[in-house]
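Below is the file work_30.txt, which contains compact mmCIF, C-alpha atoms and all ligand atoms.
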```txt
# COMPACT_ATOMS: atom_id res chain seq x y z
CA MET W 959 95.30 3.66 3.84
CA LEU W 960 93.58 6.79 2.67
CA ASN W 961 95.75 9.87 2.32
CA VAL W 962 93.90 13.04 1.40
CA VAL W 963 95.44 16.35 0.38
CA ILE W 964 92.96 19.11 1.14
CA PHE W 965 93.80 22.07 -1.04
CA GLY W 966 92.41 25.56 -1.57
CA ALA W 967 92.98 29.27 -1.19
CA PRO W 968 93.10 30.92 2.25
CA GLY W 969 89.57 30.89 3.65
CA SER W 970 88.34 28.15 1.32
CA GLY W 971 87.35 26.01 4.31
CA LYS W 972 90.21 23.51 4.45
CA GLY W 973 90.25 23.41 8.25
CA THR W 974 86.48 23.02 8.64
CA GLN W 975 86.20 20.26 6.05
CA SER W 976 89.32 18.48 7.37
CA GLU W 977 87.69 18.11 10.78
CA LEU W 978 84.60 16.54 9.22
CA ILE W 979 86.74 14.16 7.13
CA GLU W 980 88.83 13.30 10.19
CA LYS W 981 85.72 12.19 12.12
CA LYS W 982 84.01 10.28 9.34
CA TYR W 983 87.04 8.42 7.96
CA GLY W 984 89.17 8.14 11.10
CA LEU W 985 92.22 9.84 9.64
CA VAL W 986 94.96 11.89 11.33
CA HIS W 987 94.56 15.59 10.53
CA LEU W 988 97.87 17.36 9.93
CA SER W 989 97.28 21.10 9.61
CA THR W 990 100.47 23.05 9.02
CA GLY W 991 98.71 26.28 10.05
CA ASP W 992 97.69 24.70 13.38
CA ILE W 993 101.17 23.24 13.90
CA LEU W 994 102.79 26.64 13.31
CA ARG W 995 100.29 28.48 15.54
CA ALA W 996 101.04 25.96 18.32
CA GLU W 997 104.77 26.78 17.92
CA ILE W 998 103.96 30.49 18.15
CA ALA W 999 101.93 29.89 21.33
CA LYS W 1000 104.86 27.94 22.85
CA GLY W 1001 107.25 30.74 21.95
CA SER W 1002 109.70 28.28 20.32
CA GLU W 1003 112.39 29.34 17.83
CA ILE W 1004 110.24 28.02 14.97
CA GLY W 1005 107.31 29.95 16.43
CA LYS W 1006 109.26 33.19 16.50
CA LEU W 1007 110.21 32.82 12.86
CA ALA W 1008 106.68 31.75 11.85
CA ASP W 1009 105.04 34.63 13.69
CA GLY W 1010 106.71 37.31 11.58
CA LEU W 1011 106.16 35.51 8.30
CA ILE W 1012 102.52 34.55 8.89
CA SER W 1013 101.45 38.03 9.97
CA LYS W 1014 102.85 39.37 6.67
CA GLY W 1015 101.08 36.67 4.67
CA HIS W 1016 104.34 34.99 3.65
CA PHE W 1017 105.30 31.32 3.69
CA ILE W 1018 107.62 29.49 6.05
CA PRO W 1019 110.68 28.36 4.02
CA ASP W 1020 110.13 25.05 2.17
CA ASP W 1021 113.03 23.18 3.80
CA LEU W 1022 111.82 23.98 7.31
CA MET W 1023 108.18 23.24 6.51
CA ILE W 1024 109.15 19.90 4.96
CA ARG W 1025 111.20 18.94 8.02
CA ILE W 1026 108.30 19.83 10.32
CA LEU W 1027 105.85 17.76 8.29
CA ASN W 1028 108.24 14.80 8.15
CA ALA W 1029 108.58 14.85 11.95
CA HIS W 1030 104.80 14.92 12.35
CA LEU W 1031 104.38 11.92 10.04
CA ASP W 1032 106.61 9.94 12.40
CA MET W 1033 104.35 10.72 15.35
CA TYR W 1034 101.53 8.50 14.02
CA PRO W 1035 103.02 5.14 13.02
CA THR W 1036 99.67 3.34 13.33
CA ALA W 1037 97.50 5.90 11.48
CA ASN W 1038 94.80 4.69 9.07
CA GLY W 1039 95.74 7.57 6.86
CA PHE W 1040 96.31 11.32 6.89
CA ILE W 1041 94.62 14.54 5.87
CA PHE W 1042 97.22 17.02 4.69
CA ASP W 1043 95.72 20.46 5.34
CA GLY W 1044 97.80 23.42 4.21
CA PHE W 1045 100.54 21.22 2.74
CA PRO W 1046 101.77 21.14 -0.02
CA ARG W 1047 101.62 24.88 -0.75
CA THR W 1048 104.48 24.90 -3.28
CA LEU W 1049 105.69 22.55 -6.02
CA THR W 1050 108.78 21.78 -3.95
CA GLN W 1051 106.55 20.72 -1.07
CA ALA W 1052 104.40 18.59 -3.38
CA GLU W 1053 107.48 16.70 -4.60
CA ALA W 1054 108.76 16.33 -1.03
CA LEU W 1055 105.43 14.92 0.13
CA ASP W 1056 105.54 12.25 -2.56
CA THR W 1057 109.06 11.31 -1.44
CA MET W 1058 108.20 11.29 2.28
CA LEU W 1059 105.22 9.04 1.65
CA LYS W 1060 107.11 6.78 -0.75
CA ASN W 1061 109.78 6.23 1.93
CA ARG W 1062 107.01 4.87 4.14
CA ASN W 1063 105.38 2.81 1.37
CA LEU W 1064 102.47 5.27 1.25
CA LYS W 1065 101.03 7.59 -1.38
CA VAL W 1066 98.54 10.40 -1.83
CA SER W 1067 95.13 8.89 -2.64
CA LEU W 1068 93.52 12.08 -3.91
CA MET W 1069 93.75 15.86 -3.81
CA LEU W 1070 90.55 17.80 -3.12
CA ASN W 1071 90.67 21.36 -4.46
CA ILE W 1072 88.03 23.46 -2.70
CA ASP W 1073 87.07 26.12 -5.19
CA VAL W 1074 85.84 29.49 -3.88
CA ASP W 1075 86.00 32.80 -5.75
CA THR W 1076 88.21 35.62 -4.49
CA ASN W 1077 85.42 37.99 -3.42
CA GLU W 1078 83.92 35.29 -1.23
CA LEU W 1079 87.36 34.43 0.25
CA VAL W 1080 88.00 38.04 1.26
CA LYS W 1081 84.54 38.27 2.79
CA ARG W 1082 84.99 35.07 4.81
CA LEU W 1083 88.46 35.96 6.06
CA LEU W 1084 87.45 39.47 7.12
CA ASN W 1085 84.52 37.98 8.95
CA ARG W 1086 86.74 35.36 10.62
CA GLY W 1087 89.12 38.15 11.61
CA LYS W 1088 86.49 39.64 13.90
CA THR W 1089 86.82 36.68 16.28
CA SER W 1090 89.85 34.60 15.24
CA GLY W 1091 92.48 36.81 16.80
CA ARG W 1092 94.70 35.74 13.90
CA SER W 1093 97.37 38.24 12.89
CA ASP W 1094 96.82 37.32 9.22
CA ASP W 1095 93.05 37.89 9.03
CA ASN W 1096 93.22 41.60 8.15
CA LEU W 1097 92.63 43.17 4.74
CA GLN W 1098 96.26 43.91 3.88
CA THR W 1099 97.53 40.44 4.83
CA ILE W 1100 94.53 38.74 3.19
CA HIS W 1101 95.41 40.37 -0.13
CA GLU W 1102 99.04 39.31 0.24
CA ARG W 1103 98.01 35.73 1.08
CA ILE W 1104 95.79 35.50 -1.99
CA GLN W 1105 98.59 36.92 -4.13
CA VAL W 1106 101.08 34.38 -2.74
CA TYR W 1107 98.51 31.61 -3.25
CA GLU W 1108 98.10 32.55 -6.91
CA THR W 1109 101.81 32.68 -7.67
CA LYS W 1110 103.28 29.89 -5.49
CA THR W 1111 100.41 27.50 -4.74
CA LEU W 1112 98.31 27.33 -7.93
CA PRO W 1113 101.01 25.33 -9.80
CA VAL W 1114 100.43 22.50 -7.32
CA ILE W 1115 97.10 21.83 -9.09
CA GLN W 1116 98.88 20.78 -12.30
CA PHE W 1117 101.15 18.51 -10.27
CA TYR W 1118 98.15 16.46 -9.10
CA ASP W 1119 96.39 16.84 -12.46
CA ARG W 1120 99.27 15.02 -14.09
CA GLN W 1121 98.91 12.22 -11.54
CA LYS W 1122 95.14 12.12 -12.19
CA LYS W 1123 94.50 12.79 -8.49
CA HIS W 1124 93.02 16.27 -8.72
CA HIS W 1125 89.32 16.56 -7.80
CA ARG W 1126 87.69 19.99 -7.93
CA ILE W 1127 85.02 20.66 -5.32
CA LYS W 1128 82.55 23.55 -5.45
CA GLY W 1129 83.35 25.27 -2.14
CA THR W 1130 80.23 27.42 -1.77
CA GLY W 1131 76.93 26.48 -0.16
CA THR W 1132 76.57 25.16 3.36
CA MET W 1133 79.33 23.34 5.22
CA GLU W 1134 77.25 20.15 4.93
CA GLU W 1135 76.75 20.56 1.18
CA VAL W 1136 80.48 20.98 0.62
CA PHE W 1137 81.17 17.97 2.85
CA GLU W 1138 78.74 15.81 0.87
CA ARG W 1139 80.56 16.69 -2.36
CA ILE W 1140 83.85 15.80 -0.68
CA CYS W 1141 82.56 12.44 0.56
CA ASN W 1142 81.35 11.58 -2.95
CA GLU W 1143 84.86 12.15 -4.32
CA ILE W 1144 86.57 10.26 -1.50
CA ASP W 1145 84.19 7.32 -1.83
CA SER W 1146 84.75 7.22 -5.59
CA VAL W 1147 88.46 6.43 -5.10
CA ASN W 1148 88.23 4.55 -1.78
CA ARG W 1149 86.12 1.48 -2.52
P1 LIG W 1201 92.09 27.94 5.65
O1 LIG W 1201 91.40 29.20 6.00
O2 LIG W 1201 91.61 27.37 4.32
O3 LIG W 1201 92.04 26.92 6.74
P2 LIG W 1201 94.56 29.50 5.73
O4 LIG W 1201 95.17 29.91 4.45
O5 LIG W 1201 93.81 30.49 6.51
O6 LIG W 1201 93.65 28.26 5.44
P3 LIG W 1201 96.58 28.15 7.38
O7 LIG W 1201 96.62 26.86 6.65
O8 LIG W 1201 96.06 28.15 8.75
O9 LIG W 1201 95.77 29.23 6.60
O10 LIG W 1201 98.08 28.75 7.33
C1 LIG W 1201 98.38 29.99 7.91
C2 LIG W 1201 99.78 30.46 7.50
O11 LIG W 1201 100.77 29.52 7.93
C3 LIG W 1201 100.04 30.62 6.00
O12 LIG W 1201 99.54 31.83 5.48
C4 LIG W 1201 101.57 30.53 5.97
O13 LIG W 1201 102.17 31.72 6.39
C5 LIG W 1201 101.86 29.47 6.99
N1 LIG W 1201 101.90 28.13 6.38
C6 LIG W 1201 100.96 27.16 6.56
N2 LIG W 1201 101.25 26.07 5.80
C7 LIG W 1201 102.38 26.37 5.13
C8 LIG W 1201 103.18 25.68 4.17
N3 LIG W 1201 102.86 24.45 3.74
N4 LIG W 1201 104.29 26.29 3.68
C9 LIG W 1201 104.64 27.51 4.10
N5 LIG W 1201 103.94 28.23 4.98
C10 LIG W 1201 102.82 27.68 5.50
MG MG W 1202 93.40 26.47 8.20
```
Could you rewrite the structure in this file as structure tokens?
Ligand code: ATP
Ligand code: MG
Amino acid sequence: MLNVVIFGAPGSGKGTQSELIEKKYGLVHLSTGDILRAEIAKGSEIGKLADGLISKGHFIPDDLMIRILNAHLDMYPTANGFIFDGFPRTLTQAEALDTMLKNRNLKVSLMLNIDVDTNELVKRLLNRGKTSGRSDDNLQTIHERIQVYETKTLPVIQFYDRQKKHHRIKGTGTMEEVFERICNEIDSVNR
């Protein structure tokens, strides 16, 4: 089993890199952003709640997000491993993930922190906003998301630091260059 947490600020490239990891290592990709956007598209009760929060750049409450993730873990009983993309985003979620995995005799193998500076993040997200149709890819919401990332999500780094699972990845350069750095880190723990 290989369980990868892919971590980084909004626009750091978590989704792009997760898809490459998914293909190469045969893992199940769980993207909380994708799960929530699918709920919005369905018009479910969760979707209605998520819609308002996401467009403001705010988080879905921890207890709900944890329940959603737990349900998705149960959907893949024969998985070779998971990529957690967009989760954990808070310390509470990080602790909950450890518990959820422990209950299934699993654990996080490593956390990859894709490092991109704020100016570059804003540039990428504004650019994505031209075609993404996402309600959160506009300047005001981008600033709020980065602010929320810095206050609520950054502490998650220390959580994995303490477990010696934190691997920092330079997130600039081409998609392929970033992926190569990621593979080097994965292969260093997965021999
Ligand atoms: P990237 O561009 O690196 O793929 P992202 O920050 O653009 O990442 P998503 O992961 O797609 O965004 O998440 C979009 C939104 O969904 C978040 O801004 C937040 O409102 C909500 N969300 C996603 N994951 C979580 C979570 N773990 N806890 C709370 N809210 C979440
Ligand atoms: Mg994403």
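Using only C-alpha atoms for every distance, the candidate list W:Ile1012, W:Ala1029, W:Asn1071, W:Ile979 yields W:Asn1071 as the residue closest to Asp1119 (chain W).
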- Query: What would the list of residues within 12 Å of (81.1, 23.0, 2.4) (file frame) look like as an NGL selection string, if only C-alpha atoms are what count?
  - Reply: :W and (969-979 or 1071-1074 or 1127-1141)
- Task: Enter the distance from CA of Phe1117 (chain W) to CA of Met1058 (chain W), in Å, rounded to one decimal.
- Result: 16.1 Å
- Message: Just want the residues within 8 Å of ligand LIG 1201 (chain W), written as a ChimeraX atom specification, counting all atoms listed in the file.
- Response: /W:965-974,989-992,994-995,1008,1011-1020,1023-1024,1043-1048,1051,1083,1094-1095,1103
Find the spatial neighbours of Asp1032 (chain W), counting only C-alpha atoms, within a cut-off of 12 Å - ignore same-chain residues fewer than 5 positions away - and output them as a CSV table (one decimal) with C-alpha atoms, in the frame of the given file.
```csv
chain,number,residue,atom,x,y,z
W,986,VAL,CA,95.0,11.9,11.3
W,988,LEU,CA,97.9,17.4,9.9
W,1025,ARG,CA,111.2,18.9,8.0
W,1026,ILE,CA,108.3,19.8,10.3
W,1027,LEU,CA,105.8,17.8,8.3
W,1037,ALA,CA,97.5,5.9,11.5
W,1040,PHE,CA,96.3,11.3,6.9
W,1058,MET,CA,108.2,11.3,2.3
W,1059,LEU,CA,105.2,9.0,1.6
W,1061,ASN,CA,109.8,6.2,1.9
W,1062,ARG,CA,107.0,4.9,4.1
```
- Query: Smallest atom-to-atom distance to Lys1110 (chain W): which of W:Ala1054, W:Val1066, W:Val1147, W:Leu1049, using only C-alpha atoms?
  - Reply: W:Leu1049
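Shortest separation to Arg1149 (chain W) among W:Lys1006, W:Arg1082, W:Met1033, W:Ser1067 occurs at residue W:Ser1067, atoms counted being only C-alpha atoms.
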